[in-house]
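Enquirer: My structure file data24.cif, mmCIF, C-alpha atoms, is below:
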data_entry
#
loop_
_atom_site.label_atom_id
_atom_site.label_comp_id
_atom_site.auth_asym_id
_atom_site.auth_seq_id
_atom_site.Cartn_x
_atom_site.Cartn_y
_atom_site.Cartn_z
CA MET G 1127 106.56 94.23 132.40
CA ILE G 1128 110.30 94.81 132.80
CA PHE G 1129 110.70 94.84 129.00
CA LEU G 1130 108.06 97.56 128.60
CA LYS G 1131 109.70 99.62 131.34
CA LEU G 1132 113.11 99.32 129.68
CA ILE G 1133 111.64 100.25 126.28
CA LEU G 1134 109.87 103.35 127.56
CA THR G 1135 112.87 104.41 129.66
CA ASN G 1136 115.24 104.17 126.71
CA LEU G 1137 112.90 106.11 124.44
CA ARG G 1138 112.45 108.86 127.05
CA ARG G 1139 116.21 109.21 127.41
CA HIS G 1140 116.42 110.12 123.72
CA ARG G 1141 113.20 112.08 123.36
CA ILE G 1142 114.21 114.29 120.43
CA ARG G 1143 115.63 111.41 118.41
CA SER G 1144 112.56 109.27 119.12
CA LEU G 1145 110.14 112.08 118.24
CA ILE G 1146 111.94 112.68 114.94
CA SER G 1147 111.53 109.00 114.07
CA VAL G 1148 107.86 109.06 115.06
CA ALA G 1149 107.36 112.19 112.94
CA GLY G 1150 109.07 110.54 109.96
CA ILE G 1151 106.78 107.52 110.11
CA ALA G 1152 103.73 109.73 110.75
CA PHE G 1153 104.48 111.93 107.74
CA SER G 1154 105.01 108.87 105.53
CA VAL G 1155 101.76 107.23 106.66
CA ALA G 1156 99.78 110.46 106.23
CA ALA G 1157 101.23 111.01 102.76
CA MET G 1158 100.57 107.44 101.63
CA LEU G 1159 97.04 107.41 103.04
CA THR G 1160 96.15 110.77 101.47
CA VAL G 1161 97.67 110.10 98.04
CA VAL G 1162 96.28 106.57 97.72
CA THR G 1163 92.79 107.56 98.93
CA VAL G 1164 92.59 110.64 96.70
CA LEU G 1165 93.78 108.81 93.59
CA GLN G 1166 91.50 105.84 94.27
CA GLY G 1167 88.62 108.28 94.61
CA ALA G 1168 89.56 110.03 91.35
CA ILE G 1169 89.66 106.66 89.59
CA GLY G 1170 86.23 105.86 90.98
CA MET G 1171 84.87 109.21 89.79
CA PHE G 1172 86.18 108.72 86.26
CA SER G 1173 84.94 105.15 86.20
CA ASN G 1174 81.46 106.36 87.17
CA ILE G 1175 81.36 108.50 84.03
CA LEU G 1176 81.42 105.32 81.97
CA SER G 1177 79.27 103.11 84.18
CA GLN G 1178 76.22 105.36 84.44
CA ASP G 1179 73.15 103.22 83.79
CA SER G 1180 75.31 100.60 82.09
CA GLY G 1181 77.30 97.52 82.97
CA ILE G 1182 79.66 96.99 80.03
CA ILE G 1183 82.03 99.29 78.13
CA VAL G 1184 82.93 98.64 74.51
CA PHE G 1185 86.00 100.41 73.12
CA GLU G 1186 88.87 99.94 70.69
CA ARG G 1187 91.29 97.16 71.53
CA ASN G 1188 94.92 97.96 72.41
CA VAL G 1189 94.55 101.72 72.93
CA SER G 1190 96.41 103.47 75.73
CA ASP G 1191 93.61 105.93 76.47
CA LEU G 1192 89.91 106.20 75.72
CA PHE G 1193 90.53 109.58 74.08
CA PHE G 1194 92.34 107.66 71.31
CA SER G 1195 89.68 104.95 71.01
CA SER G 1196 87.44 104.81 67.94
CA VAL G 1197 84.19 102.84 67.78
CA SER G 1198 82.11 103.35 64.65
CA ILE G 1199 78.54 104.55 65.02
CA GLU G 1200 77.50 101.69 62.74
CA ALA G 1201 78.95 99.22 65.27
CA ALA G 1202 77.04 101.00 68.04
CA ARG G 1203 73.81 100.72 66.04
CA GLN G 1204 74.34 97.01 65.45
CA ILE G 1205 75.11 96.40 69.14
CA SER G 1206 72.00 98.36 70.13
CA GLY G 1207 69.88 96.04 67.98
CA TRP G 1208 71.01 92.80 69.63
CA PRO G 1209 68.18 91.11 71.59
CA MET G 1210 70.25 90.84 74.78
CA VAL G 1211 70.96 94.61 74.84
CA ALA G 1212 68.61 96.99 76.67
CA HIS G 1213 70.39 100.06 75.31
CA ALA G 1214 73.80 101.04 73.91
CA ASP G 1215 74.92 104.66 74.13
CA PRO G 1216 77.91 105.90 72.11
CA VAL G 1217 79.94 108.66 73.75
CA LEU G 1218 82.78 110.72 72.31
CA PHE G 1219 85.39 112.15 74.68
CA GLY G 1220 87.44 115.20 73.86
CA ILE G 1221 89.40 118.03 75.39
CA VAL G 1222 88.41 121.60 74.57
CA SER G 1223 89.59 124.98 75.79
CA SER G 1224 88.24 128.44 76.41
CA ALA G 1225 89.80 131.80 77.14
CA SER G 1226 89.62 131.30 80.93
CA GLN G 1227 90.02 127.52 81.11
CA PRO G 1228 92.73 125.76 79.09
CA ILE G 1229 91.38 122.23 79.65
CA ILE G 1230 87.70 121.28 79.69
CA THR G 1231 86.36 117.76 79.20
CA CYS G 1232 83.81 117.48 76.42
CA PHE G 1233 81.21 114.71 76.10
CA GLY G 1234 79.57 114.07 72.77
CA VAL G 1235 76.34 112.18 73.54
CA LEU G 1236 72.92 111.40 72.13
CA PRO G 1237 69.78 113.11 73.52
CA GLU G 1238 68.60 109.84 75.08
CA ASP G 1239 71.86 109.32 76.99
CA SER G 1240 71.35 108.84 80.75
CA ARG G 1241 73.75 111.70 81.47
CA ILE G 1242 71.21 114.02 79.86
CA ARG G 1243 67.96 112.32 80.87
CA ASN G 1244 68.81 111.59 84.51
CA ALA G 1245 70.71 114.77 85.38
CA GLU G 1246 69.48 117.48 87.72
CA TRP G 1247 68.81 120.44 85.44
CA VAL G 1248 69.58 123.87 86.91
CA GLN G 1249 68.53 125.71 83.75
CA GLY G 1250 66.68 124.30 80.77
CA GLY G 1251 65.71 120.64 80.47
CA PRO G 1252 66.46 117.39 78.62
CA ASP G 1253 64.25 118.38 75.70
CA ASP G 1254 66.44 121.44 75.07
CA PHE G 1255 69.47 119.29 74.27
CA ALA G 1256 70.52 118.88 70.61
CA ARG G 1257 67.80 121.09 69.16
CA HIS G 1258 70.43 122.94 67.13
CA PRO G 1259 73.89 121.81 65.97
CA ASP G 1260 75.64 124.69 67.77
CA ASP G 1261 73.87 124.10 71.11
CA VAL G 1262 75.80 122.84 74.13
CA VAL G 1263 74.83 122.03 77.71
CA LEU G 1264 77.20 123.00 80.49
CA GLY G 1265 77.86 121.37 83.83
CA GLU G 1266 77.09 123.74 86.70
CA ARG G 1267 80.75 124.31 87.49
CA ALA G 1268 81.59 124.87 83.84
CA ALA G 1269 78.81 127.47 83.67
CA GLN G 1270 80.38 129.23 86.65
CA PHE G 1271 83.92 129.51 85.33
CA LEU G 1272 82.64 130.39 81.83
CA SER G 1273 80.23 132.95 83.35
CA ALA G 1274 77.48 131.55 81.12
CA SER G 1275 73.76 130.86 81.38
CA VAL G 1276 71.00 129.72 79.00
CA GLY G 1277 71.10 131.79 75.83
CA SER G 1278 74.73 132.86 76.27
CA ARG G 1279 77.24 132.22 73.54
CA VAL G 1280 80.54 130.77 74.73
CA PRO G 1281 83.79 130.54 72.75
CA ILE G 1282 85.12 126.98 72.73
CA GLY G 1283 88.24 126.30 70.73
CA HIS G 1284 87.89 128.12 67.43
CA SER G 1285 84.08 128.05 67.48
CA THR G 1286 81.26 129.69 69.39
CA PHE G 1287 78.32 127.74 70.83
CA ARG G 1288 74.98 128.67 72.34
CA VAL G 1289 74.23 127.45 75.87
CA ALA G 1290 70.98 125.46 75.78
CA GLY G 1291 70.99 124.39 79.41
CA VAL G 1292 72.94 123.88 82.63
CA LEU G 1293 72.89 120.61 84.56
CA LYS G 1294 74.28 119.52 87.90
CA THR G 1295 75.96 116.19 88.60
CA ARG G 1296 77.84 114.74 91.57
CA ASN G 1297 80.78 113.86 89.32
CA GLY G 1298 83.30 116.71 89.08
CA PHE G 1299 84.52 115.71 85.63
CA GLU G 1300 80.98 115.99 84.27
CA ASP G 1301 79.99 119.00 86.38
CA GLY G 1302 82.97 120.89 85.00
CA GLY G 1303 82.43 119.60 81.47
CA ILE G 1304 80.58 120.45 78.28
CA PHE G 1305 77.96 118.22 76.66
CA MET G 1306 77.61 118.43 72.89
CA PRO G 1307 75.24 116.60 70.57
CA LEU G 1308 77.17 113.61 69.26
CA ASN G 1309 77.03 114.81 65.63
CA SER G 1310 78.36 118.25 66.62
CA ALA G 1311 81.16 116.71 68.68
CA GLN G 1312 82.14 114.46 65.77
CA SER G 1313 82.43 117.49 63.48
CA PHE G 1314 84.24 119.56 66.10
CA PHE G 1315 86.87 116.88 66.77
CA HIS G 1316 86.98 115.71 63.12
CA LYS G 1317 85.83 112.22 64.07
CA GLU G 1318 82.81 111.85 61.82
CA GLY G 1319 81.02 108.54 62.16
CA SER G 1320 82.83 107.41 65.30
CA SER G 1321 82.70 107.53 69.09
CA SER G 1322 85.25 106.86 71.83
CA ALA G 1323 83.27 104.10 73.51
CA VAL G 1324 79.83 102.56 73.78
CA THR G 1325 78.28 102.04 77.22
CA VAL G 1326 75.97 99.04 77.19
CA LYS G 1327 73.24 97.87 79.53
CA LEU G 1328 72.12 94.27 79.14
CA ARG G 1329 68.61 93.03 79.76
CA ASP G 1330 70.08 90.20 81.82
CA LYS G 1331 73.46 90.57 83.55
CA ASP G 1332 74.04 86.84 83.17
CA ASP G 1333 74.44 87.41 79.43
CA ALA G 1334 77.70 89.34 79.95
CA ALA G 1335 79.97 86.47 78.88
CA LYS G 1336 77.85 85.77 75.81
CA PHE G 1337 77.87 89.47 74.90
CA LYS G 1338 81.67 89.72 75.18
CA ASP G 1339 82.11 86.60 73.04
CA ARG G 1340 79.86 88.08 70.36
CA ILE G 1341 81.81 91.37 70.38
CA ARG G 1342 85.04 89.42 70.00
CA ALA G 1343 83.66 87.41 67.08
CA GLN G 1344 81.83 90.20 65.23
CA PHE G 1345 84.17 93.13 65.97
CA PRO G 1346 87.75 91.83 66.36
CA ASN G 1347 89.12 95.36 66.75
CA LEU G 1348 86.90 96.05 69.77
CA ILE G 1349 86.88 94.79 73.32
CA ALA G 1350 84.02 94.63 75.83
CA LEU G 1351 84.71 94.81 79.55
CA GLU G 1352 82.42 94.87 82.54
CA ASP G 1353 82.78 97.95 84.74
CA THR G 1354 84.87 96.18 87.39
CA GLU G 1355 87.12 94.62 84.74
CA PHE G 1356 87.66 98.00 83.10
CA THR G 1357 88.58 99.65 86.40
CA ARG G 1358 91.14 96.92 87.11
CA SER G 1359 92.69 96.73 83.64
CA TYR G 1360 92.61 100.29 82.25
CA SER G 1361 96.25 101.32 81.83
CA GLN G 1362 95.81 104.88 83.12
CA PHE G 1363 94.18 103.59 86.30
CA ARG G 1364 97.01 101.11 86.83
CA ILE G 1365 99.57 103.88 86.41
CA LEU G 1366 97.76 106.07 88.94
CA ARG G 1367 97.55 103.26 91.48
CA ALA G 1368 101.21 102.31 91.00
CA THR G 1369 102.24 105.96 91.36
CA ALA G 1370 100.24 106.37 94.58
CA TRP G 1371 101.75 103.30 96.23
CA ALA G 1372 105.25 104.15 94.94
CA VAL G 1373 105.09 107.64 96.45
CA GLY G 1374 103.86 106.23 99.75
CA GLY G 1375 106.44 103.45 99.66
CA CYS G 1376 109.30 105.92 99.18
CA GLY G 1377 108.02 107.89 102.17
CA LEU G 1378 107.90 104.78 104.33
CA LEU G 1379 111.41 103.81 103.18
CA LEU G 1380 112.72 107.17 104.38
CA GLY G 1381 110.82 106.68 107.64
CA GLY G 1382 112.39 103.24 108.01
CA LEU G 1383 115.86 104.68 107.47
CA GLY G 1384 115.10 107.21 110.20
CA ILE G 1385 114.16 104.43 112.60
CA ALA G 1386 117.30 102.47 111.66
CA ASN G 1387 119.45 105.53 112.36
CA THR G 1388 117.71 106.10 115.69
CA MET G 1389 118.14 102.48 116.78
CA ILE G 1390 121.78 102.31 115.68
CA MET G 1391 122.64 105.46 117.60
CA SER G 1392 120.69 104.15 120.56
CA VAL G 1393 122.62 100.87 120.59
CA PHE G 1394 126.03 102.52 120.18
CA THR G 1395 125.37 104.90 123.08
CA ARG G 1396 124.22 102.02 125.32
CA ILE G 1397 126.94 99.45 124.78
CA ARG G 1398 127.95 99.42 128.46
CA GLU G 1399 124.30 99.30 129.52
CA ILE G 1400 123.70 96.29 127.25
CA ALA G 1401 126.79 94.62 128.75
CA ILE G 1402 125.40 95.14 132.27
CA LEU G 1403 122.10 93.59 131.19
CA ARG G 1404 124.01 90.58 129.80
CA VAL G 1405 125.96 90.23 133.05
CA ASN G 1406 122.69 90.33 134.99
CA GLY G 1407 121.30 87.39 133.06
CA PHE G 1408 119.68 88.87 129.94
CA SER G 1409 119.97 86.51 127.00
CA GLN G 1410 120.71 87.56 123.43
CA THR G 1411 117.03 87.02 122.59
CA GLN G 1412 115.91 89.29 125.42
CA ILE G 1413 118.29 92.02 124.27
CA GLY G 1414 116.86 91.69 120.77
CA VAL G 1415 113.31 91.91 122.14
CA VAL G 1416 114.13 95.23 123.82
CA ILE G 1417 115.54 96.73 120.60
CA PHE G 1418 112.68 95.45 118.45
CA GLY G 1419 110.21 96.62 121.08
CA GLU G 1420 111.56 100.16 120.93
CA SER G 1421 111.34 100.14 117.14
CA ALA G 1422 107.81 98.70 117.18
CA PHE G 1423 106.68 101.32 119.69
CA VAL G 1424 108.08 104.14 117.51
CA SER G 1425 106.50 102.64 114.39
CA ALA G 1426 103.10 102.14 116.02
CA SER G 1427 103.12 105.66 117.45
CA GLY G 1428 104.06 107.11 114.07
CA ALA G 1429 101.47 104.99 112.27
CA PHE G 1430 98.58 106.13 114.47
CA ALA G 1431 99.75 109.74 114.42
CA GLY G 1432 99.94 109.50 110.62
CA LEU G 1433 96.44 108.02 110.45
CA ALA G 1434 95.12 110.91 112.51
CA ALA G 1435 96.92 113.48 110.34
CA GLY G 1436 95.93 111.81 107.06
CA THR G 1437 92.30 111.46 108.12
CA SER G 1438 92.19 115.12 109.16
CA LEU G 1439 93.67 116.18 105.81
CA LEU G 1440 91.15 114.11 103.87
CA PHE G 1441 88.32 115.60 105.92
CA ALA G 1442 89.66 119.08 105.14
CA LEU G 1443 89.74 118.25 101.41
CA ARG G 1444 86.06 117.35 101.58
CA LEU G 1445 85.32 120.88 102.75
CA VAL G 1446 87.07 122.51 99.78
CA ARG G 1447 84.22 123.48 97.48
CA SER G 1448 86.33 123.58 94.31
CA LEU G 1449 87.25 119.90 94.81
CA HIS G 1450 83.67 118.64 95.21
CA GLY G 1451 83.02 115.91 92.67
CA TYR G 1452 86.68 115.50 91.79
CA ILE G 1453 87.82 113.83 95.01
CA ASP G 1454 86.14 110.99 96.84
CA ALA G 1455 87.96 111.10 100.17
CA THR G 1456 86.26 108.00 101.55
CA LEU G 1457 88.57 105.92 103.73
CA HIS G 1458 88.66 102.24 102.85
CA PRO G 1459 89.43 99.75 105.68
CA VAL G 1460 91.67 97.69 103.39
CA VAL G 1461 93.82 100.73 102.56
CA LEU G 1462 94.03 101.65 106.25
CA ALA G 1463 95.10 98.13 107.18
CA ILE G 1464 97.74 97.96 104.44
CA VAL G 1465 99.21 101.36 105.34
CA VAL G 1466 99.47 100.51 109.05
CA LEU G 1467 100.92 97.08 108.33
CA LEU G 1468 103.55 98.55 105.99
CA ALA G 1469 104.49 101.14 108.61
CA LEU G 1470 104.97 98.46 111.28
CA LEU G 1471 106.98 96.22 108.94
CA THR G 1472 109.14 99.19 107.96
CA GLY G 1473 109.89 99.93 111.60
CA ILE G 1474 110.73 96.32 112.38
CA ALA G 1475 112.96 96.08 109.29
CA GLY G 1476 114.79 99.22 110.41
CA ALA G 1477 115.63 97.56 113.72
CA VAL G 1478 117.09 94.35 112.30
CA TYR G 1479 120.73 95.49 112.06
CA PRO G 1480 120.76 97.37 115.42
CA ALA G 1481 119.15 94.37 117.13
CA VAL G 1482 121.61 91.87 115.60
CA TYR G 1483 124.54 94.11 116.57
CA ALA G 1484 123.27 94.44 120.15
CA MET G 1485 122.73 90.69 120.44
CA ARG G 1486 126.35 90.06 119.42
CA VAL G 1487 127.80 92.39 122.04
CA ARG G 1488 130.16 90.48 124.37
CA ALA G 1489 129.81 91.59 127.96
CA VAL G 1490 133.55 91.56 128.84
CA GLU G 1491 134.54 93.66 125.83
CA ALA G 1492 131.54 95.97 126.12
CA LEU G 1493 132.37 96.89 129.74
CA ARG G 1494 135.69 98.31 128.45
CA PHE G 1495 133.90 100.25 125.71
CA GLU G 1496 134.31 104.03 125.90
#
Rewrite the coordinates I just gave you, this time as structure tokens.

Expert:
Amino acid sequence: MIFLKLILTNLRRHRIRSLISVAGIAFSVAAMLTVVTVLQGAIGMFSNILSQDSGIIVFERNVSDLFFSSVSIEAARQISGWPMVAHADPVLFGIVSSASQPIITCFGVLPEDSRIRNAEWVQGGPDDFARHPDDVVLGERAAQFLSASVGSRVPIGHSTFRVAGVLKTRNGFEDGGIFMPLNSAQSFFHKEGSSSAVTVKLRDKDDAAKFKDRIRAQFPNLIALEDTEFTRSYSQFRILRATAWAVGGCGLLLGGLGIANTMIMSVFTRIREIAILRVNGFSQTQIGVVIFGESAFVSASGAFAGLAAGTSLLFALRLVRSLHGYIDATLHPVVLAIVVLLALLTGIAGAVYPAVYAMRVRAVEALRFE
């Protein structure tokens, strides 16, 4: 009890300095939590584009991005004909532009693709897709920023296309995208006879290993990955994750330096007080416990304040209509636990030098300290 009283008393004596340290940790925790959660959600959203009604993704081996991948339509046809395959859907990814929107994701798909068949159609219907080579279907958000509806003609790149329908999806990348018939997309992007990837659904999930072995043997230039494998190994996803944790880590490092500064100044201004404690029977260990306790209290306070701030910010992002579908602001317990643990470890690490210095203070010399 006496340790807790000493800790709280010392922190109250230096309120401003303590609050600045708490704020530093809180800001770092909130930033890390927000950045990591938002980027994890974005990764999940993009991954869902590929995993719709499928379990395996086939794409070109050793490419840095799926936009650069090339899988021949002939390979897709052969894969579709394998007995273990329920269906195989080639999809071509591309980036297009319009007068009002410099970057729009384009999906070249077949009429039987699940993105077309299972979507919620706002205007038109699945049977309206790919009737004519210059027909496109817009996501609901794309229709809004292009100010288009069924029958409108929209300029895309150097061409003009007729809007055959408008569909609504929960995925922001698709809802703000353009769907072209695969043949039209191949011509538009000058990739005749090829697709970016093939999404495959097996009749029996237990055949996944056999399917991947057959891809490796029959198409050495291609690789087949299950959805979870793809999410873990895709280079762009790894870069995003590393960036998120690096940004958060830098924030926590600055917070830790703030705590170290606070504890060092606290020790230097309390040399005589520490000497009196030593004279009254406090051991070196007990002195260290007081210093570490102060640091732990500051870290814990900052961590929980940061969790509250980060959670509030994520909740606010959910309410922003323009971000619907692009951000999955769902909090994951593992991320919460890691962020809090890192904050506490940062605070404790920041107190190591001040604690060691305080433990080495000699009572006789310290009482003469001015």

Enquirer: Record the distance separating atom CA of Gln1344 of chain G and atom CA of Ser1320 of chain G, expressed in Å with one decimal.

Expert: 17.2 Å

Enquirer: Once the PyMOL selection byres ((chain G and resi 1485) around 9) has been applied to the shown file, what residues remain in the selection, as a PyMOL selection string?

Expert: chain G and resi 1400+1409-1414+1480-1484+1486-1488

Enquirer: Create the file for the chosen residues now, containing C-alpha atoms and written as a PDB file, in the coordinates of the input.

Expert:
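To be explicit, this is the file written out as again27.pdb:
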ATOM      1  CA  ILE G1400     123.700  96.290 127.250  1.00  0.00           C
ATOM      2  CA  SER G1409     119.970  86.510 127.000  1.00  0.00           C
ATOM      3  CA  GLN G1410     120.710  87.560 123.430  1.00  0.00           C
ATOM      4  CA  THR G1411     117.030  87.020 122.590  1.00  0.00           C
ATOM      5  CA  GLN G1412     115.910  89.290 125.420  1.00  0.00           C
ATOM      6  CA  ILE G1413     118.290  92.020 124.270  1.00  0.00           C
ATOM      7  CA  GLY G1414     116.860  91.690 120.770  1.00  0.00           C
ATOM      8  CA  PRO G1480     120.760  97.370 115.420  1.00  0.00           C
ATOM      9  CA  ALA G1481     119.150  94.370 117.130  1.00  0.00           C
ATOM     10  CA  VAL G1482     121.610  91.870 115.600  1.00  0.00           C
ATOM     11  CA  TYR G1483     124.540  94.110 116.570  1.00  0.00           C
ATOM     12  CA  ALA G1484     123.270  94.440 120.150  1.00  0.00           C
ATOM     13  CA  ARG G1486     126.350  90.060 119.420  1.00  0.00           C
ATOM     14  CA  VAL G1487     127.800  92.390 122.040  1.00  0.00           C
ATOM     15  CA  ARG G1488     130.160  90.480 124.370  1.00  0.00           C
TER      16      ARG G1488
END

Enquirer: Need to verify the contact set: Ala1202 of chain G, 9 Å, only C-alpha atoms, exclusion of same-chain residues closer than 2 positions in sequence. Can you return it as a PyMOL selection string?

Expert: chain G and resi 1197-1200+1204-1207+1214-1216+1321+1323-1324

Enquirer: Which distance in Å separates atom CA of Gly1432 of chain G and atom CA of Asn1297 of chain G, to one decimal?

Expert: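 These two atoms are separated by 29.0 Å.
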
Enquirer: Would you translate the PyMOL selection byres ((chain G and resi 1384) around 12) into the concrete set of residues it matches in this file, as a short mmCIF file (atom, residue, chain, number, x, y, z; two decimals) with C-alpha atoms, in the frame of the given file?

Expert:
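Now in selection28.cif:
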data_model
loop_
_atom_site.label_atom_id
_atom_site.label_comp_id
_atom_site.auth_asym_id
_atom_site.auth_seq_id
_atom_site.Cartn_x
_atom_site.Cartn_y
_atom_site.Cartn_z
CA ARG G 1143 115.63 111.41 118.41
CA SER G 1144 112.56 109.27 119.12
CA LEU G 1145 110.14 112.08 118.24
CA ILE G 1146 111.94 112.68 114.94
CA SER G 1147 111.53 109.00 114.07
CA VAL G 1148 107.86 109.06 115.06
CA ALA G 1149 107.36 112.19 112.94
CA GLY G 1150 109.07 110.54 109.96
CA ILE G 1151 106.78 107.52 110.11
CA ALA G 1152 103.73 109.73 110.75
CA PHE G 1153 104.48 111.93 107.74
CA SER G 1154 105.01 108.87 105.53
CA GLY G 1377 108.02 107.89 102.17
CA LEU G 1378 107.90 104.78 104.33
CA LEU G 1379 111.41 103.81 103.18
CA LEU G 1380 112.72 107.17 104.38
CA GLY G 1381 110.82 106.68 107.64
CA GLY G 1382 112.39 103.24 108.01
CA LEU G 1383 115.86 104.68 107.47
CA ILE G 1385 114.16 104.43 112.60
CA ALA G 1386 117.30 102.47 111.66
CA ASN G 1387 119.45 105.53 112.36
CA THR G 1388 117.71 106.10 115.69
CA MET G 1389 118.14 102.48 116.78
CA ILE G 1390 121.78 102.31 115.68
CA MET G 1391 122.64 105.46 117.60
CA SER G 1421 111.34 100.14 117.14
CA VAL G 1424 108.08 104.14 117.51
CA SER G 1425 106.50 102.64 114.39
CA GLY G 1428 104.06 107.11 114.07
CA THR G 1472 109.14 99.19 107.96
CA GLY G 1473 109.89 99.93 111.60
CA ILE G 1474 110.73 96.32 112.38
CA ALA G 1475 112.96 96.08 109.29
CA GLY G 1476 114.79 99.22 110.41
CA ALA G 1477 115.63 97.56 113.72
#

Enquirer: Sort by chain and increasing residue number a table of all residues of segment 1150-1256 of chain G within 8 Å of segment 1434-1437 of chain G, each with its closest pair of atoms and their distance in Å to one decimal, counting all atoms listed in the file, and write it as a tab-separated table.

Expert:
residue	atom	partner	partner_atom	distance
G:Ala1152	CA	G:Ala1435	CA	7.8
G:Val1155	CA	G:Gly1436	CA	7.4
G:Ala1156	CA	G:Gly1436	CA	4.2
G:Ala1157	CA	G:Gly1436	CA	6.9
G:Leu1159	CA	G:Gly1436	CA	6.1
G:Thr1160	CA	G:Gly1436	CA	5.7

Enquirer: What is the distance between atom CA of Leu1272 of chain G and atom CA of Gly1302 of chain G, in Å to one decimal?

Expert: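 Going from atom CA of Leu1272 of chain G over to atom CA of Gly1302 of chain G covers 10.0 Å.
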
Enquirer: Applying the PyMOL selection byres ((chain G and resi 1346-1362) around 7) to the file I just gave you, which residues come out? Please list them as a ChimeraX atom specification.

Expert: /G:1173,1177,1181-1187,1190,1338,1341-1345,1363-1366

Enquirer: Quick one: write out the picked residues with C-alpha atoms as a short mmCIF file (atom, residue, chain, number, x, y, z; two decimals), keeping the file's coordinate frame?

Expert:
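In the end it all went to selection.cif:
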data_model
loop_
_atom_site.label_atom_id
_atom_site.label_comp_id
_atom_site.auth_asym_id
_atom_site.auth_seq_id
_atom_site.Cartn_x
_atom_site.Cartn_y
_atom_site.Cartn_z
CA SER G 1173 84.94 105.15 86.20
CA SER G 1177 79.27 103.11 84.18
CA GLY G 1181 77.30 97.52 82.97
CA ILE G 1182 79.66 96.99 80.03
CA ILE G 1183 82.03 99.29 78.13
CA VAL G 1184 82.93 98.64 74.51
CA PHE G 1185 86.00 100.41 73.12
CA GLU G 1186 88.87 99.94 70.69
CA ARG G 1187 91.29 97.16 71.53
CA SER G 1190 96.41 103.47 75.73
CA LYS G 1338 81.67 89.72 75.18
CA ILE G 1341 81.81 91.37 70.38
CA ARG G 1342 85.04 89.42 70.00
CA ALA G 1343 83.66 87.41 67.08
CA GLN G 1344 81.83 90.20 65.23
CA PHE G 1345 84.17 93.13 65.97
CA PHE G 1363 94.18 103.59 86.30
CA ARG G 1364 97.01 101.11 86.83
CA ILE G 1365 99.57 103.88 86.41
CA LEU G 1366 97.76 106.07 88.94
#

Enquirer: Please determine, counting all atoms listed in the file, which residue among G:Arg1267, G:Arg1444, G:Lys1131, G:Arg1241 has the shortest atom-to-atom distance to Val1416 of chain G.

Expert: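 Residue with the minimum atom-to-atom distance to Val1416 of chain G: G:Lys1131.
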
Enquirer: Quick one: of G:Phe1305, G:Phe1287, G:Phe1408, G:Phe1219, who's nearest to Asp1239 of chain G, counting all atoms listed in the file?

Expert: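 Comparing G:Phe1305, G:Phe1287, G:Phe1408, G:Phe1219 against Asp1239 of chain G, the winner is G:Phe1305.
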
Enquirer: Near Asp1301 of chain G, within 7 Å and counting only C-alpha atoms, which residues show up once chain neighbours fewer than 5 positions away are dropped, as a list of chain:residue names?

Expert: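 Returned residues: G:Gly1265, G:Glu1266, G:Arg1267, G:Ala1268, G:Lys1294, G:Thr1295.
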
Enquirer: Hey, what's within 10 Å of Pro1281 of chain G if we count only C-alpha atoms and toss same-chain stuff fewer than 4 positions away? As a VMD selection string, please?

Expert: chain G and resid 1223 to 1225 1272 1285 to 1288

Enquirer: From the list G:Gln1227, G:Asn1244, G:Ser1310, G:Ser1196, which residue is nearest Asp1261 of chain G when using only C-alpha atoms?

Expert: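 The shortest atom-to-atom distance to Asp1261 of chain G comes from G:Ser1310.
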
Enquirer: Have a look at G:Phe1299, G:Trp1371, G:Ile1229, G:Gly1220 and name the one nearest to Leu1468 of chain G; count only C-alpha atoms.

Expert: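 Of G:Phe1299, G:Trp1371, G:Ile1229, G:Gly1220, the one nearest Leu1468 of chain G is G:Trp1371, counting only C-alpha atoms.
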